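Data first, discussion second: the structure below is written as structure tokens.
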Protein chains: 2
Amino acid sequence: MRDTFLVGVGMTPFGKFPETDLGSLGRGAVLEALADAGLGPRDIEVLACGSARSGTLQSRESGVGQLIGWEAGIEGVPVYNEKAFCASGAMAFNIATMAVSSGTHDVALAIGVEKMSQRNGTGRPLTSDGMAFQSEAGYTPPAYYAIAARRHMEVYGTTREQIAAVAVKNRTAAADNPRAQYRDPYTLDDVLSSRPVVWPLNLLDCCPTGDGAAAAIIVSEAGAERLGIEPKIKIEVSSAGTGYYRTQDRDMTSFGLDRVTSQRAYEKAGIGPDDLDVAEVHDSFTIGEIIHYEDLGFCEPGSGGKLVESGETALGGRLPVNTGGGLLNRGHPLGATGVAQIVELADQLLGRAGARQVLGAKTALAHISGGFHEDDFATSCITILTKYGR
Amino acid sequence: MRDTFLVGVGMTPFGKFPETDLGSLGRGAVLEALADAGLGPRDIEVLACGSARSGTLQSRESGVGQLIGWEAGIEGVPVYNEKAFCASGAMAFNIATMAVSSGTHDVALAIGVEKMSQRNGTGRPLTSDGMAFQSEAGYTPPAYYAIAARRHMEVYGTTREQIAAVAVKNRTAAADNPRAQYRDPYTLDDVLSSRPVVWPLNLLDCCPTGDGAAAAIIVSEAGAERLGIEPKIKIEVSSAGTGYYRTQDRDMTSFGLDRVTSQRAYEKAGIGPDDLDVAEVHDSFTIGEIIHYEDLGFCEPGSGGKLVESGETALGGRLPVNTGGGLLNRGHPLGATGVAQIVELADQLLGRAGARQVLGAKTALAHISGGFHEDDFATSCITILTKYGR
């Protein structure tokens with residue numbers, strides 16, 4: 001397997017852009033990534049696009065990767081259109097990395113893109129589209145996470161305030177991210193007094209609905225040499241696992257799949273949680289970030305609430321998490337998020353994250369989960385990046 | 001890049017099974033492929049699933065690869081869900097091959113699956129779902145291919161009888177394929193007198209609507225050794241290109257993208273069209289097979305009609321094409337077809353194709369196109385397989 005390097009990233013602001021189509025969103029992110037790498041569209045040899053919702057045989061959106069490639073001036077290359085719920089973008093990044101590590105191609109583009117603000121055709125916004133009978137029964141994602149929160153509180157004594165602290169921490173980070181969907185700072189009291197969604201989770205414990213795109217360019221050593229690029233970030237591992245989050249079989253306070261996938265990634269990279277300087281962690285709901293801390297080995301099982309409360313995962317702490325605002329505040333256009341996490345980590349490793357810079361960041365991890373828990377299967381993706389070269 | 005080997009294939013019969021869901025269809029094909037390889041579900045390390053229509057966020061069908069894996073007893077492995085119109089299955093095969101050639105995994109499963117007989121939710125059959133304004137204007141796939149047929153007749157003197165001869169040849173082959181959707185033999189007169197669709201194409205010039213699934217298992221040398229398997233088929237190349245079949249810019253008698261993609265594949269494999277013993281060629285419409293002969297280098301531009309008329313591409317000829325009945329008669333459940341082509345070629349290379357066996361077949365090619373021509377982009381996939389070992 002060949003080494004792979006990240007040499008350019010780009011993303012649109014996240015927000016509600018009902019008038020902008022997938023092609024335009026993607027094009028914006030791709031052109032920024034190309035400019036960042038100092039490359040042109042004809043340098044791209046393969047393209048992988050992740051998008052969770054655009055797969056219906058609806059006109060051009062069926063080939064969303066082709067559409068974005070066409071809009072950005074990329075022609076004739078193999079295009080993969082990947083779907084893995086919230087992990088669609090991370091899986092596209094994984095395919096693009098594999099296309100380079102395999103020796104098949106030297107220069108690959110990964111795109112994540114999504115429009116959540118408008119249902120295709122219907123004009124209605126997306127909420128929990130397609131979760132037919134579970135939604136009818138009230139078992140929507142917030143309900144699922146609310147049960148997990150209740151259980152975590154019960155088993156480990158995690159407090160409502162600790163859970164709300166995730167939202168405050170991530171909003172504080174978002175305030176310094178010009179591309180975040182929501183940036184106005186708020187307090188613990190604001191979270192605790194926001195509109196209830198499913199007890200104990202309130203509105204500010206839940207990620208918003210939004211649109212956006214992100215892109216990343218991956219090269220081999222040979223590709224970098226040929227293009228005259230000096231890689232500054234190495235992709236140590238891009239690893240995925242699929243498992244069965246079967247509610248009835250398991251402890252609601254942990255996602256076993258994330259434990260397996262992250263352990264495998266740490267072993268592959270020869271890098272452990274203690275080596276990390278900065279991380280992006282799936283925080284679609286506040287309690288999720290706390291549970292993921294534990295499953296990713298950032299702390300012992302049950303102590304995630306204390307970890308966020310301690311400030312160690314805030315900017316300036318030992319291991320800042322979600323420095324771009326997370327899904328909660330940067331926003332969560334499903335397929336775009338996995339690549340947006342890579343954009344944030346690249347900015348951190350390159351020392352260009354501005355007011356939210358983690359000083360001296362050299363090793364970074366991104367984690368994302370995709371899938372409907374009540375459907376017995378889901379995807380967990382881990383990416384580990386390190387600063388490379390001089 | 002590591003060598004890759006095909007060690008097991010399976011498929012369901014193709015036909016109309018409105019009561020059978022995607023999970024059950026896929027499971028049937030996967031269990032057959034596992035049995036063929038002598039492996040169990042826990043031997044699979046990665047899974048790629050191609051399906052053109054199942055991507056809406058509709059309950060479990062959104063993660064169709066996960067669903068089929070679950071039904072077949074495969075757990076915890078990375079799952080890719082790939083979409084590329086008619087080439088979805090071939091692209092899944094391509095991803096699975098790349099997962100092995102890259103050194104990421106040693107044992108990969110490719111699945112193609114589709115349900116065309118029933119629209120999700122609506123109960124209506126699929127015709128040309130989603131081709132919104134083109135369909136309203138009458139520019140459906142049969143109309144597109146009819147224009148190409150007219151142009152081919154005009155420019156090269158191709159006759160209506162030569163075009164119909166593709167259907168007769170492929171139906172004759174299907175008669176010996178128990179898994180083909182339509183098997184009753186017919187004559188040239190039957191094709192010429194079947195119900196007109198778009199002049200000059202009649203009903204028997206067009207592929208049918210159907211459901212089905214196919215699966216293939218790919219291993220590395222190390223994987224084969226560990227599992228105690230002796231590989232008998234080598235995957236020389238699995239290659240994809242995406243291009244822009246832009247009607248207004250080009251000669252309707254050729255698909256430039258297929259020429260580029262096949263040329264690239266021939267070079268990679270060090271195998272030319274003259275070396276082939278058997279081939280699977282995209283024949284969604286009769287004229288398509290004739291045009292593809294020319295673009296794949298089976299004959300000179302313009303002489304595809306004469307080639308089929310000569311019998312050289314029929315069973316017993318120099319280069320038998322579509323020995324399983326082709327899309328026209330085996331059927332064309334979009335995402336399933338790319339993998340079903342691999343199943344047919346494997347049976348030919350292993351000498352187990354029964355009455356439709358090509359004697360001494362050692363080198364085989366599969367070609368499939370995906371995409372709506374009027375949407376300016378499409379995918380072309382080429383796979384070349386050779387008999388391996390003793």
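How things are named: the first chain in the structure tokens is A, the next is B, and so on; residues count from 1 in each chain; ligands count from 1 in the order shown.
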DSSP on the backbone: what in stretch 106-306 of chain B comes out helix (DSSP H, G or I), as a VMD selection string? chain B and resid 132 to 136 141 to 156 160 to 174 188 to 192 203 to 205 221 to 227 247 to 249 256 to 269 273 to 275 286 to 295 304 to 306
Among stretch 185-215 of chain B, which residues carry a DSSP assignment of strand (DSSP E or B), reported as an MDAnalysis selection string? chainID B and resid 196:198 201:202 206 211:215
Give the answer as one residue: which of B:Gly63, B:Pro41, B:Gly28, B:Gly389 has the shortest atom-to-atom distance to chain A, using only C-alpha atoms?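 Looking at the shortest contact to chain A, the residue is B:Gly63.
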Could you check which of A:Leu203, A:Ile44, A:Val79, A:Leu227 is closest to chain B, using only C-alpha atoms?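 For chain B, the nearest of the candidates is A:Val79.
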Nearest-residue call for chain A, choices B:Ala99, B:Ala29, B:Cys86, B:Ile291, using only C-alpha atoms: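 Of B:Ala99, B:Ala29, B:Cys86, B:Ile291, the one nearest chain A is B:Ala99, counting only C-alpha atoms.
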So the first atom is atom CA of A:Gly103 and the second is atom CA of A:Asp43; what is the distance between them in Å, to one decimal place? 16.1 Å
Considering only C-alpha atoms, state which residue in the set A:Gly317, A:Gly335, A:Gly15, A:Gly371 is at the smallest distance from chain B.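 Among the listed residues, A:Gly371 lies closest to chain B.
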Go through A:Gly270, A:Pro208, A:Gly65, A:Pro18 and flag the residue nearest chain B, using only C-alpha atoms for the distances. A:Gly65
Can you pull out the residues contacting stretch 249-264 of chain B? Cut-off 8 Å, using only C-alpha atoms, and skip same-chain residues under 5 positions away; I want them as a VMD selection string. (chain A and resid 76) or (chain B and resid 147 to 149 151 to 152 239 to 244 291 to 292 294 to 297 369 380 to 382)
Tell me which protein, DNA and RNA residues are within 6 Å of A:Ser284, counting only C-alpha atoms, leaving out same-chain ones fewer than 4 positions away, and put them as a list of chain:residue names. A:Cys207, A:Leu327, A:Leu328
If we count only C-alpha atoms, what is near A:Lys115 at a cut-off of 7 Å, once residues fewer than 4 positions away on the same chain are taken out, given as a PyMOL selection string? chain A and resi 22+210-212+333
I need the residues from that last selection saved to file as a compact mmCIF listing (two decimals), in the first residue's frame (with N, CA and C atoms), if you can.
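Below is the file part.txt, written as the result:
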# COMPACT_ATOMS: atom_id res chain seq x y z
N LEU A 22 -26.83 21.27 -6.10
CA LEU A 22 -25.69 20.45 -5.67
C LEU A 22 -24.45 20.73 -6.49
N GLY A 210 -29.00 21.97 7.27
CA GLY A 210 -28.26 22.91 6.43
C GLY A 210 -27.75 22.29 5.14
N ASP A 211 -27.15 23.14 4.31
CA ASP A 211 -26.61 22.74 3.01
C ASP A 211 -25.12 23.08 2.97
N GLY A 212 -24.38 22.38 2.12
CA GLY A 212 -22.98 22.73 1.97
C GLY A 212 -22.19 21.66 1.27
N PRO A 333 -24.72 19.16 6.95
CA PRO A 333 -25.28 18.68 5.68
C PRO A 333 -24.70 17.28 5.46
Nearest to B:Lys362 by atom-to-atom distance, counting only C-alpha atoms, from B:Ser88, B:Thr172, B:Ser194, B:Gln348: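 For B:Lys362, the nearest of the candidates is B:Gln348.
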Quick one: everything within 6 Å of B:Asn329, counting only C-alpha atoms, minus sequence neighbours fewer than 6 positions away in the same chain. Send it as a PyMOL selection string. chain B and resi 171+181-182
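We find atom CA of B:Thr209 and atom CA of B:Asn81 to be spaced 22.4 Å apart.
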Output as a tab-separated table one row per residue of stretch 279-327 of chain A within 9 Å of stretch 157-167 of chain A: the closest atom pair and its distance in Å to one decimal place, counting only C-alpha atoms, sorted by chain and residue number ascending.
residue	atom	partner	partner_atom	distance
A:Asp283	CA	A:Val166	CA	8.6
A:Phe285	CA	A:Ala167	CA	8.6
A:Thr286	CA	A:Val166	CA	5.6
A:Ile287	CA	A:Ile163	CA	5.7
A:Glu289	CA	A:Val166	CA	7.3
A:Ile290	CA	A:Ile163	CA	7.4
A:Gly302	CA	A:Thr158	CA	7.7
A:Ser303	CA	A:Thr158	CA	7.9
A:Gly304	CA	A:Thr158	CA	8.1
A:Gly305	CA	A:Gln162	CA	5.1
A:Lys306	CA	A:Gln162	CA	6.9
A:Leu307	CA	A:Gln162	CA	8.8
A:Val308	CA	A:Val166	CA	6.5
A:Glu309	CA	A:Gln162	CA	5.7
A:Gly325	CA	A:Ala167	CA	8.9
Write out as a ChimeraX atom specification which residues come within 9 Å of B:Thr12 when counting only C-alpha atoms, dropping same-chain ones fewer than 2 positions away. /B:10,14,25-26,28-29,32,179,212-214
